[in-house]
$ cat coords37.csv   # CSV, N, CA and C atoms
chain,number,residue,atom,x,y,z
A,4,MET,N,0.8,-1.2,0.0
A,4,MET,CA,0.0,0.0,0.0
A,4,MET,C,0.9,1.3,0.0
A,5,SER,N,2.0,1.2,0.6
A,5,SER,CA,2.9,2.3,0.6
A,5,SER,C,3.3,2.7,-0.8
A,6,LYS,N,3.6,1.8,-1.7
A,6,LYS,CA,3.9,2.1,-3.0
A,6,LYS,C,2.8,2.8,-3.8
A,7,MET,N,1.6,2.3,-3.5
A,7,MET,CA,0.4,2.8,-4.2
A,7,MET,C,0.2,4.3,-3.7
A,8,GLN,N,0.3,4.5,-2.4
A,8,GLN,CA,0.1,5.9,-1.8
A,8,GLN,C,1.2,6.8,-2.4
A,9,GLU,N,2.4,6.3,-2.5
A,9,GLU,CA,3.5,7.1,-3.0
A,9,GLU,C,3.2,7.5,-4.5
A,10,GLY,N,2.6,6.6,-5.2
A,10,GLY,CA,2.2,6.9,-6.6
A,10,GLY,C,1.2,8.0,-6.6
A,11,TYR,N,0.2,7.9,-5.8
A,11,TYR,CA,-0.9,8.9,-5.7
A,11,TYR,C,-0.2,10.3,-5.4
A,12,TYR,N,0.7,10.3,-4.4
A,12,TYR,CA,1.4,11.5,-4.0
A,12,TYR,C,2.2,12.1,-5.2
A,13,GLU,N,3.0,11.3,-5.9
A,13,GLU,CA,3.8,11.7,-7.0
A,13,GLU,C,2.9,12.3,-8.1
A,14,LEU,N,1.8,11.6,-8.5
A,14,LEU,CA,0.9,12.1,-9.5
A,14,LEU,C,0.3,13.4,-9.1
A,15,ASP,N,-0.1,13.5,-7.8
A,15,ASP,CA,-0.7,14.8,-7.3
A,15,ASP,C,0.3,15.9,-7.4
A,16,GLN,N,1.5,15.6,-7.0
A,16,GLN,CA,2.5,16.7,-7.0
A,16,GLN,C,2.8,17.1,-8.4
A,17,ALA,N,2.8,16.2,-9.4
A,17,ALA,CA,3.0,16.6,-10.8
A,17,ALA,C,1.9,17.6,-11.3
A,18,ASN,N,0.7,17.4,-10.7
A,18,ASN,CA,-0.5,18.2,-11.1
A,18,ASN,C,-0.7,18.4,-12.6
A,19,SER,N,-0.7,17.3,-13.3
A,19,SER,CA,-0.8,17.4,-14.7
A,19,SER,C,-2.2,17.9,-15.2
A,20,LEU,N,-3.2,17.8,-14.3
A,20,LEU,CA,-4.5,18.3,-14.6
A,20,LEU,C,-4.6,19.8,-14.3
A,21,LYS,N,-3.6,20.4,-13.7
A,21,LYS,CA,-3.5,21.8,-13.4
A,21,LYS,C,-4.7,22.2,-12.5
A,22,THR,N,-4.9,21.4,-11.4
A,22,THR,CA,-6.0,21.8,-10.5
A,22,THR,C,-5.4,22.9,-9.5
A,23,ASP,N,-6.4,23.5,-8.9
A,23,ASP,CA,-6.0,24.6,-7.9
A,23,ASP,C,-6.2,24.1,-6.5
A,24,LEU,N,-6.1,22.8,-6.2
A,24,LEU,CA,-6.3,22.3,-4.9
A,24,LEU,C,-5.3,22.9,-3.9
A,25,PRO,N,-5.7,23.3,-2.7
A,25,PRO,CA,-4.7,23.8,-1.7
A,25,PRO,C,-3.9,22.6,-1.2
A,26,THR,N,-2.8,22.9,-0.7
A,26,THR,CA,-1.8,21.9,-0.2
A,26,THR,C,-2.5,20.9,0.8
A,27,GLU,N,-3.3,21.4,1.7
A,27,GLU,CA,-3.9,20.5,2.7
A,27,GLU,C,-4.9,19.5,2.1
A,28,LEU,N,-5.4,19.7,0.9
A,28,LEU,CA,-6.3,18.7,0.2
A,28,LEU,C,-5.6,17.8,-0.8
A,29,ARG,N,-4.3,17.9,-0.9
A,29,ARG,CA,-3.5,17.1,-1.8
A,29,ARG,C,-3.1,15.8,-1.2
A,30,ALA,N,-2.7,14.8,-2.0
A,30,ALA,CA,-2.3,13.5,-1.5
A,30,ALA,C,-1.0,13.7,-0.6
A,31,GLU,N,-0.9,12.8,0.4
A,31,GLU,CA,0.2,12.9,1.3
A,31,GLU,C,1.2,11.7,1.0
A,32,LYS,N,2.4,11.9,1.4
A,32,LYS,CA,3.4,10.8,1.3
A,32,LYS,C,2.9,9.7,2.3
A,33,PRO,N,3.2,8.4,2.0
A,33,PRO,CA,2.8,7.3,2.8
A,33,PRO,C,3.3,7.5,4.3
A,34,GLU,N,4.5,8.0,4.4
A,34,GLU,CA,5.1,8.2,5.8
A,34,GLU,C,4.3,9.2,6.6
A,35,THR,N,3.8,10.2,5.9
A,35,THR,CA,2.9,11.2,6.6
A,35,THR,C,1.6,10.6,7.1
A,36,VAL,N,1.0,9.8,6.2
A,36,VAL,CA,-0.2,9.1,6.6
A,36,VAL,C,0.0,8.2,7.8
A,37,GLU,N,1.1,7.4,7.7
A,37,GLU,CA,1.4,6.4,8.8
A,37,GLU,C,1.6,7.1,10.1
A,38,ASN,N,2.4,8.2,10.1
A,38,ASN,CA,2.7,9.0,11.3
A,38,ASN,C,1.4,9.6,11.9
A,39,ARG,N,0.6,10.2,11.0
A,39,ARG,CA,-0.6,10.9,11.5
A,39,ARG,C,-1.6,9.8,12.1
A,40,MET,N,-1.8,8.7,11.4
A,40,MET,CA,-2.6,7.7,11.9
A,40,MET,C,-2.1,7.1,13.2
A,41,SER,N,-0.8,6.8,13.3
A,41,SER,CA,-0.2,6.2,14.5
A,41,SER,C,-0.4,7.2,15.7
A,42,GLU,N,-0.1,8.4,15.5
A,42,GLU,CA,-0.2,9.4,16.5
A,42,GLU,C,-1.6,9.6,17.0
A,43,ALA,N,-2.6,9.7,16.1
A,43,ALA,CA,-4.0,9.9,16.4
A,43,ALA,C,-4.6,8.7,17.1
A,44,LEU,N,-4.3,7.5,16.6
A,44,LEU,CA,-4.9,6.3,17.2
A,44,LEU,C,-4.3,6.0,18.5
A,45,THR,N,-3.0,6.2,18.7
A,45,THR,CA,-2.3,6.0,20.0
A,45,THR,C,-2.9,7.0,21.0
A,46,GLN,N,-3.1,8.2,20.6
A,46,GLN,CA,-3.7,9.2,21.5
A,46,GLN,C,-5.1,8.8,22.0
A,47,ILE,N,-5.9,8.4,21.0
A,47,ILE,CA,-7.3,7.9,21.3
A,47,ILE,C,-7.2,6.7,22.3
A,48,ALA,N,-6.4,5.8,22.0
A,48,ALA,CA,-6.3,4.5,22.8
A,48,ALA,C,-5.8,4.8,24.2
A,49,LYS,N,-4.8,5.7,24.3
A,49,LYS,CA,-4.3,6.0,25.7
A,49,LYS,C,-5.4,6.8,26.5
A,50,LYS,N,-6.1,7.7,25.8
A,50,LYS,CA,-7.1,8.4,26.5
A,50,LYS,C,-8.2,7.5,27.0
A,51,GLN,N,-8.6,6.5,26.3
A,51,GLN,CA,-9.6,5.5,26.6
A,51,GLN,C,-9.2,4.4,27.6
A,52,ALA,N,-7.9,4.2,27.7
A,52,ALA,CA,-7.3,3.1,28.4
A,52,ALA,C,-7.8,3.0,29.8
A,53,ASP,N,-7.9,4.1,30.5
A,53,ASP,CA,-8.4,4.1,31.9
A,53,ASP,C,-9.9,3.8,32.0
A,54,LYS,N,-10.6,4.1,31.0
A,54,LYS,CA,-12.1,4.0,31.1
A,54,LYS,C,-12.5,2.6,30.6
A,55,GLY,N,-11.7,1.9,29.8
A,55,GLY,CA,-12.0,0.6,29.2
A,55,GLY,C,-13.1,0.8,28.1
A,56,GLY,N,-13.5,-0.3,27.6
A,56,GLY,CA,-14.6,-0.2,26.6
A,56,GLY,C,-14.0,-0.2,25.2
A,57,ASN,N,-15.0,0.0,24.2
A,57,ASN,CA,-14.6,0.0,22.8
A,57,ASN,C,-14.7,1.4,22.2
A,58,ILE,N,-13.9,1.6,21.2
A,58,ILE,CA,-13.9,2.8,20.4
A,58,ILE,C,-14.1,2.5,18.9
A,59,LEU,N,-14.9,3.2,18.3
A,59,LEU,CA,-15.1,3.1,16.8
A,59,LEU,C,-14.3,4.2,16.1
A,60,VAL,N,-13.4,3.9,15.3
A,60,VAL,CA,-12.7,4.9,14.5
A,60,VAL,C,-12.9,4.5,13.0
A,61,VAL,N,-13.4,5.5,12.3
A,61,VAL,CA,-13.7,5.3,10.9
A,61,VAL,C,-12.7,6.1,10.0
A,62,SER,N,-12.2,5.4,9.0
A,62,SER,CA,-11.1,5.9,8.2
A,62,SER,C,-11.2,5.3,6.8
A,63,SER,N,-10.4,5.7,5.9
A,63,SER,CA,-10.3,5.1,4.6
A,63,SER,C,-9.5,3.8,4.6
A,64,GLY,N,-9.7,2.9,3.7
A,64,GLY,CA,-9.0,1.7,3.7
A,64,GLY,C,-7.5,1.9,3.5
A,65,MET,N,-7.1,2.9,2.7
A,65,MET,CA,-5.7,3.1,2.4
A,65,MET,C,-5.0,3.6,3.7
A,66,SER,N,-5.7,4.5,4.5
A,66,SER,CA,-5.1,5.0,5.7
A,66,SER,C,-5.0,3.8,6.7
A,67,ILE,N,-6.0,3.0,6.8
A,67,ILE,CA,-6.0,1.9,7.7
A,67,ILE,C,-4.8,0.9,7.3
A,68,SER,N,-4.7,0.6,6.1
A,68,SER,CA,-3.6,-0.3,5.6
A,68,SER,C,-2.3,0.3,5.9
A,69,LEU,N,-2.1,1.6,5.7
A,69,LEU,CA,-0.8,2.2,6.0
A,69,LEU,C,-0.5,2.2,7.5
A,70,PHE,N,-1.6,2.4,8.3
A,70,PHE,CA,-1.4,2.3,9.8
A,70,PHE,C,-1.0,0.9,10.2
A,71,LEU,N,-1.6,-0.1,9.6
A,71,LEU,CA,-1.2,-1.5,9.9
A,71,LEU,C,0.2,-1.8,9.6
A,72,GLU,N,0.7,-1.3,8.4
A,72,GLU,CA,2.1,-1.4,8.0
A,72,GLU,C,3.0,-0.8,9.1
A,73,ALA,N,2.6,0.4,9.5
A,73,ALA,CA,3.4,1.1,10.5
A,73,ALA,C,3.5,0.4,11.8
A,74,GLN,N,2.5,-0.4,12.1
A,74,GLN,CA,2.4,-1.2,13.4
A,74,GLN,C,3.0,-2.6,13.2
A,75,LYS,N,3.5,-2.8,12.0
A,75,LYS,CA,4.1,-4.2,11.6
A,75,LYS,C,3.1,-5.3,11.7
A,76,ILE,N,1.8,-5.0,11.4
A,76,ILE,CA,0.8,-6.0,11.3
A,76,ILE,C,0.6,-6.3,9.8
A,77,LEU,N,0.9,-7.6,9.5
A,77,LEU,CA,0.9,-8.0,8.1
A,77,LEU,C,-0.5,-8.1,7.6
A,78,ASN,N,-0.7,-7.4,6.4
A,78,ASN,CA,-2.1,-7.4,5.8
A,78,ASN,C,-2.0,-8.2,4.5
A,79,ASN,N,-2.5,-9.5,4.6
A,79,ASN,CA,-2.6,-10.3,3.4
A,79,ASN,C,-4.0,-10.2,2.7
A,80,ALA,N,-4.8,-9.3,3.3
A,80,ALA,CA,-6.2,-9.1,2.7
A,80,ALA,C,-6.2,-8.3,1.5
A,81,GLY,N,-5.2,-7.6,1.2
A,81,GLY,CA,-5.2,-6.7,0.0
A,81,GLY,C,-5.9,-5.4,0.3
A,82,PRO,N,-6.4,-4.7,-0.7
A,82,PRO,CA,-7.1,-3.5,-0.5
A,82,PRO,C,-8.4,-3.7,0.3
A,83,LEU,N,-8.6,-2.9,1.3
A,83,LEU,CA,-9.8,-3.1,2.2
A,83,LEU,C,-11.1,-2.6,1.4
A,84,LYS,N,-12.1,-3.4,1.6
A,84,LYS,CA,-13.4,-3.1,0.9
A,84,LYS,C,-14.2,-2.1,1.8
A,85,ASN,N,-15.0,-1.3,1.1
A,85,ASN,CA,-15.9,-0.4,1.8
A,85,ASN,C,-16.8,-1.2,2.8
A,86,ASP,N,-17.0,-0.7,4.0
A,86,ASP,CA,-17.9,-1.3,5.0
A,86,ASP,C,-17.1,-2.4,5.8
A,87,SER,N,-15.9,-2.6,5.5
A,87,SER,CA,-15.1,-3.6,6.3
A,87,SER,C,-14.7,-3.1,7.6
A,88,VAL,N,-14.4,-4.0,8.5
A,88,VAL,CA,-14.0,-3.7,9.9
A,88,VAL,C,-12.7,-4.5,10.2
A,89,THR,N,-11.8,-3.7,10.8
A,89,THR,CA,-10.6,-4.3,11.3
A,89,THR,C,-10.5,-4.0,12.8
A,90,LYS,N,-10.5,-5.0,13.6
A,90,LYS,CA,-10.5,-4.8,15.1
A,90,LYS,C,-9.1,-4.9,15.6
A,91,LEU,N,-8.8,-4.0,16.5
A,91,LEU,CA,-7.5,-3.9,17.2
A,91,LEU,C,-7.7,-3.7,18.7
A,92,THR,N,-6.7,-4.2,19.4
A,92,THR,CA,-6.7,-3.9,20.9
A,92,THR,C,-5.4,-3.1,21.1
A,93,TYR,N,-5.4,-2.3,22.2
A,93,TYR,CA,-4.3,-1.5,22.6
A,93,TYR,C,-3.9,-1.9,24.0
A,94,LYS,N,-2.7,-2.4,24.2
A,94,LYS,CA,-2.3,-2.8,25.5
A,94,LYS,C,-0.8,-2.6,25.6
A,95,ASN,N,-0.3,-2.0,26.7
A,95,ASN,CA,1.1,-1.8,27.0
A,95,ASN,C,1.8,-1.2,25.8
A,96,GLY,N,1.2,-0.1,25.2
A,96,GLY,CA,1.8,0.6,24.2
A,96,GLY,C,1.8,0.0,22.8
A,97,LYS,N,1.0,-1.1,22.6
A,97,LYS,CA,1.1,-1.8,21.4
A,97,LYS,C,-0.3,-2.2,20.9
A,98,PHE,N,-0.5,-2.1,19.6
A,98,PHE,CA,-1.8,-2.5,18.9
A,98,PHE,C,-1.6,-3.9,18.5
A,99,THR,N,-2.7,-4.7,18.7
A,99,THR,CA,-2.7,-6.1,18.3
A,99,THR,C,-4.0,-6.4,17.5
A,100,LEU,N,-3.9,-7.1,16.4
A,100,LEU,CA,-5.0,-7.5,15.6
A,100,LEU,C,-5.9,-8.5,16.3
A,101,VAL,N,-7.2,-8.3,16.2
A,101,VAL,CA,-8.2,-9.2,16.8
A,101,VAL,C,-9.0,-9.7,15.6
A,102,GLY,N,-8.9,-10.9,15.2
A,102,GLY,CA,-9.7,-11.4,14.1
A,102,GLY,C,-9.1,-11.1,12.7
A,103,ASP,N,-9.9,-10.9,11.7
A,103,ASP,CA,-9.5,-10.7,10.3
A,103,ASP,C,-9.3,-9.2,10.0
A,104,ILE,N,-8.4,-9.0,9.1
A,104,ILE,CA,-8.3,-7.6,8.6
A,104,ILE,C,-9.4,-7.4,7.5
A,105,GLY,N,-10.1,-6.4,7.6
A,105,GLY,CA,-11.2,-6.1,6.6
A,105,GLY,C,-12.3,-7.0,6.6
A,106,SER,N,-12.8,-7.4,7.8
A,106,SER,CA,-13.9,-8.3,7.9
A,106,SER,C,-15.2,-7.7,7.4
A,107,LEU,N,-16.0,-8.4,6.7
A,107,LEU,CA,-17.3,-7.9,6.3
A,107,LEU,C,-18.5,-8.6,7.1
A,108,LYS,N,-18.1,-9.2,8.2
A,108,LYS,CA,-19.1,-9.9,9.0
A,108,LYS,C,-20.2,-9.0,9.5
A,109,TYR,N,-20.0,-7.7,9.9
A,109,TYR,CA,-21.0,-6.9,10.3
A,109,TYR,C,-21.9,-6.4,9.2
A,110,TYR,N,-21.2,-6.1,8.0
A,110,TYR,CA,-22.0,-5.7,6.8
A,110,TYR,C,-22.9,-6.8,6.4
A,111,ASP,N,-22.4,-8.0,6.3
A,111,ASP,CA,-23.2,-9.2,5.9
A,111,ASP,C,-24.4,-9.4,6.9
A,112,ALA,N,-24.1,-9.3,8.2
A,112,ALA,CA,-25.2,-9.4,9.2
A,112,ALA,C,-26.3,-8.4,9.0
A,113,GLY,N,-25.9,-7.1,8.7
A,113,GLY,CA,-26.8,-6.0,8.5
A,113,GLY,C,-27.7,-6.3,7.3
A,114,LYS,N,-27.1,-6.8,6.2
A,114,LYS,CA,-27.8,-7.1,5.0
A,114,LYS,C,-28.9,-8.2,5.2
A,115,LYS,N,-28.5,-9.2,6.0
A,115,LYS,CA,-29.5,-10.2,6.4
A,115,LYS,C,-30.6,-9.7,7.2
A,116,ALA,N,-30.3,-8.8,8.1
A,116,ALA,CA,-31.3,-8.3,9.0
A,116,ALA,C,-32.3,-7.3,8.3
A,117,ALA,N,-31.8,-6.7,7.2
A,117,ALA,CA,-32.6,-5.7,6.6
A,117,ALA,C,-33.8,-6.3,5.8

$ encode --input "coords37.csv" --output "structure tokens"
Amino acid sequence: MSKMQEGYYELDQANSLKTDLPTELRAEKPETVENRMSEALTQIAKKQADKGGNILVVSSGMSISLFLEAQKILNNAGPLKNDSVTKLTYKNGKFTLVGDIGSLKYYDAGKKAA
């Protein structure tokens, strides 16, 4: 996913379509996404650690994949599908995968219930 994000970044920097997008709306380097995601999710997890319970964080599949790479969690699932869920726990300063990456279990259950 890092290579794909790097490609998006390079294409956006070339700006061959001559868009007038401001810098803050342009593609980021993969390292920037990884750092932003790691800092934000660690901050959220630490803040909630004393209270316990679950937290729902919603993000793009690319950002989630880059975060998993930064945490050294191997993603064999490929690109994450819309509506998929990846569960993690945070303990002793480390994120750990719980179950599958990009599970559609909740989506499928919702479709059956509808």

$ select_by_dssp --input "coords37.csv" --residues "region 5-113 of chain A" --states "alpha helix (DSSP H)" --output "VMD selection string"
chain A and resid 5 to 17 33 to 52 64 to 73 108 to 113

$ closest_residue --input "coords37.csv" --among "A:Ile76, A:Leu91, A:Leu83, A:Ala30" --to "Thr45 (chain A)" --atoms "only C-alpha atoms"
A:Leu91

$ atom_distance --input "coords37.csv" --atom1 "atom C of Leu107 (chain A)" --atom2 "CA of Ser87 (chain A)"
6.1 Å

$ atom_distance --input "coords37.csv" --atom1 "CA of Lys84 (chain A)" --atom2 "atom N of Gly105 (chain A)"
8.2 Å

$ atom_distance --input "coords37.csv" --atom1 "atom C of Thr89 (chain A)" --atom2 "atom C of Lys75 (chain A)"
13.7 Å

$ residues_around --input "coords37.csv" --residues "Val61 (chain A)" --least-positions-apart "4" --cutoff "10 Å" --atoms "only C-alpha atoms" --output "PyMOL selection string"
chain A and resi 67+86+88

$ residues_around --input "coords37.csv" --residues "Pro82 (chain A)" --least-positions-apart "2" --cutoff "8 Å" --atoms "only N, CA and C atoms" --output "list of chain:residue names"
A:Met4, A:Gly64, A:Met65, A:Ser68, A:Asn78, A:Asn79, A:Ala80, A:Lys84, A:Asn85, A:Gly105

$ write_last_selection --input "coords37.csv" --atoms "N, CA and C atoms" --output "PDB file, in the frame of the given file"
ATOM      1  N   MET A   4       0.800  -1.200   0.000  1.00  0.00           N
ATOM      2  CA  MET A   4       0.000   0.000   0.000  1.00  0.00           C
ATOM      3  C   MET A   4       0.900   1.300   0.000  1.00  0.00           C
ATOM      4  N   GLY A  64      -9.700   2.900   3.700  1.00  0.00           N
ATOM      5  CA  GLY A  64      -9.000   1.700   3.700  1.00  0.00           C
ATOM      6  C   GLY A  64      -7.500   1.900   3.500  1.00  0.00           C
ATOM      7  N   MET A  65      -7.100   2.900   2.700  1.00  0.00           N
ATOM      8  CA  MET A  65      -5.700   3.100   2.400  1.00  0.00           C
ATOM      9  C   MET A  65      -5.000   3.600   3.700  1.00  0.00           C
ATOM     10  N   SER A  68      -4.700   0.600   6.100  1.00  0.00           N
ATOM     11  CA  SER A  68      -3.600  -0.300   5.600  1.00  0.00           C
ATOM     12  C   SER A  68      -2.300   0.300   5.900  1.00  0.00           C
ATOM     13  N   ASN A  78      -0.700  -7.400   6.400  1.00  0.00           N
ATOM     14  CA  ASN A  78      -2.100  -7.400   5.800  1.00  0.00           C
ATOM     15  C   ASN A  78      -2.000  -8.200   4.500  1.00  0.00           C
ATOM     16  N   ASN A  79      -2.500  -9.500   4.600  1.00  0.00           N
ATOM     17  CA  ASN A  79      -2.600 -10.300   3.400  1.00  0.00           C
ATOM     18  C   ASN A  79      -4.000 -10.200   2.700  1.00  0.00           C
ATOM     19  N   ALA A  80      -4.800  -9.300   3.300  1.00  0.00           N
ATOM     20  CA  ALA A  80      -6.200  -9.100   2.700  1.00  0.00           C
ATOM     21  C   ALA A  80      -6.200  -8.300   1.500  1.00  0.00           C
ATOM     22  N   LYS A  84     -12.100  -3.400   1.600  1.00  0.00           N
ATOM     23  CA  LYS A  84     -13.400  -3.100   0.900  1.00  0.00           C
ATOM     24  C   LYS A  84     -14.200  -2.100   1.800  1.00  0.00           C
ATOM     25  N   ASN A  85     -15.000  -1.300   1.100  1.00  0.00           N
ATOM     26  CA  ASN A  85     -15.900  -0.400   1.800  1.00  0.00           C
ATOM     27  C   ASN A  85     -16.800  -1.200   2.800  1.00  0.00           C
ATOM     28  N   GLY A 105     -10.100  -6.400   7.600  1.00  0.00           N
ATOM     29  CA  GLY A 105     -11.200  -6.100   6.600  1.00  0.00           C
ATOM     30  C   GLY A 105     -12.300  -7.000   6.600  1.00  0.00           C
TER      31      GLY A 105
END

$ select_by_dssp --input "coords37.csv" --residues "chain A" --states "strand (DSSP E)" --output "PyMOL selection string"
chain A and resi 88-94+97-106

$ closest_residue --input "coords37.csv" --among "A:Val60, A:Phe70, A:Glu31, A:Ala52" --to "Asn95 (chain A)" --atoms "only C-alpha atoms"
A:Ala52

$ residues_around --input "coords37.csv" --residues "region 34-39 of chain A" --least-positions-apart "6" --cutoff "6.5 Å" --atoms "only N, CA and C atoms" --output "PDB file with N, CA and C atoms, in the coordinates of the input"
ATOM      1  N   SER A  66      -5.700   4.500   4.500  1.00  0.00           N
ATOM      2  CA  SER A  66      -5.100   5.000   5.700  1.00  0.00           C
ATOM      3  C   SER A  66      -5.000   3.800   6.700  1.00  0.00           C
ATOM      4  N   LEU A  69      -2.100   1.600   5.700  1.00  0.00           N
ATOM      5  CA  LEU A  69      -0.800   2.200   6.000  1.00  0.00           C
ATOM      6  C   LEU A  69      -0.500   2.200   7.500  1.00  0.00           C
ATOM      7  N   PHE A  70      -1.600   2.400   8.300  1.00  0.00           N
ATOM      8  CA  PHE A  70      -1.400   2.300   9.800  1.00  0.00           C
ATOM      9  C   PHE A  70      -1.000   0.900  10.200  1.00  0.00           C
ATOM     10  N   ALA A  73       2.600   0.400   9.500  1.00  0.00           N
ATOM     11  CA  ALA A  73       3.400   1.100  10.500  1.00  0.00           C
ATOM     12  C   ALA A  73       3.500   0.400  11.800  1.00  0.00           C
TER      13      ALA A  73
END

$ closest_residue --input "coords37.csv" --among "A:Glu9, A:Leu14, A:Phe98, A:Leu20" --to "Lys32 (chain A)" --atoms "all atoms listed in the file"
A:Glu9

$ residues_around --input "coords37.csv" --residues "Ala48 (chain A)" --least-positions-apart "6" --cutoff "8 Å" --atoms "all atoms listed in the file" --output "list in words"
Glu42, Thr92, Tyr93 and Lys94 of chain A

$ closest_residue --input "coords37.csv" --among "A:Glu13, A:Lys90, A:Asn18, A:Glu72" --to "Asp103 (chain A)" --atoms "only N, CA and C atoms"
A:Lys90

$ closest_residue --input "coords37.csv" --among "A:Ala112, A:Lys6, A:Val101, A:Leu71" --to "Ser41 (chain A)" --atoms "only N, CA and C atoms"
A:Leu71
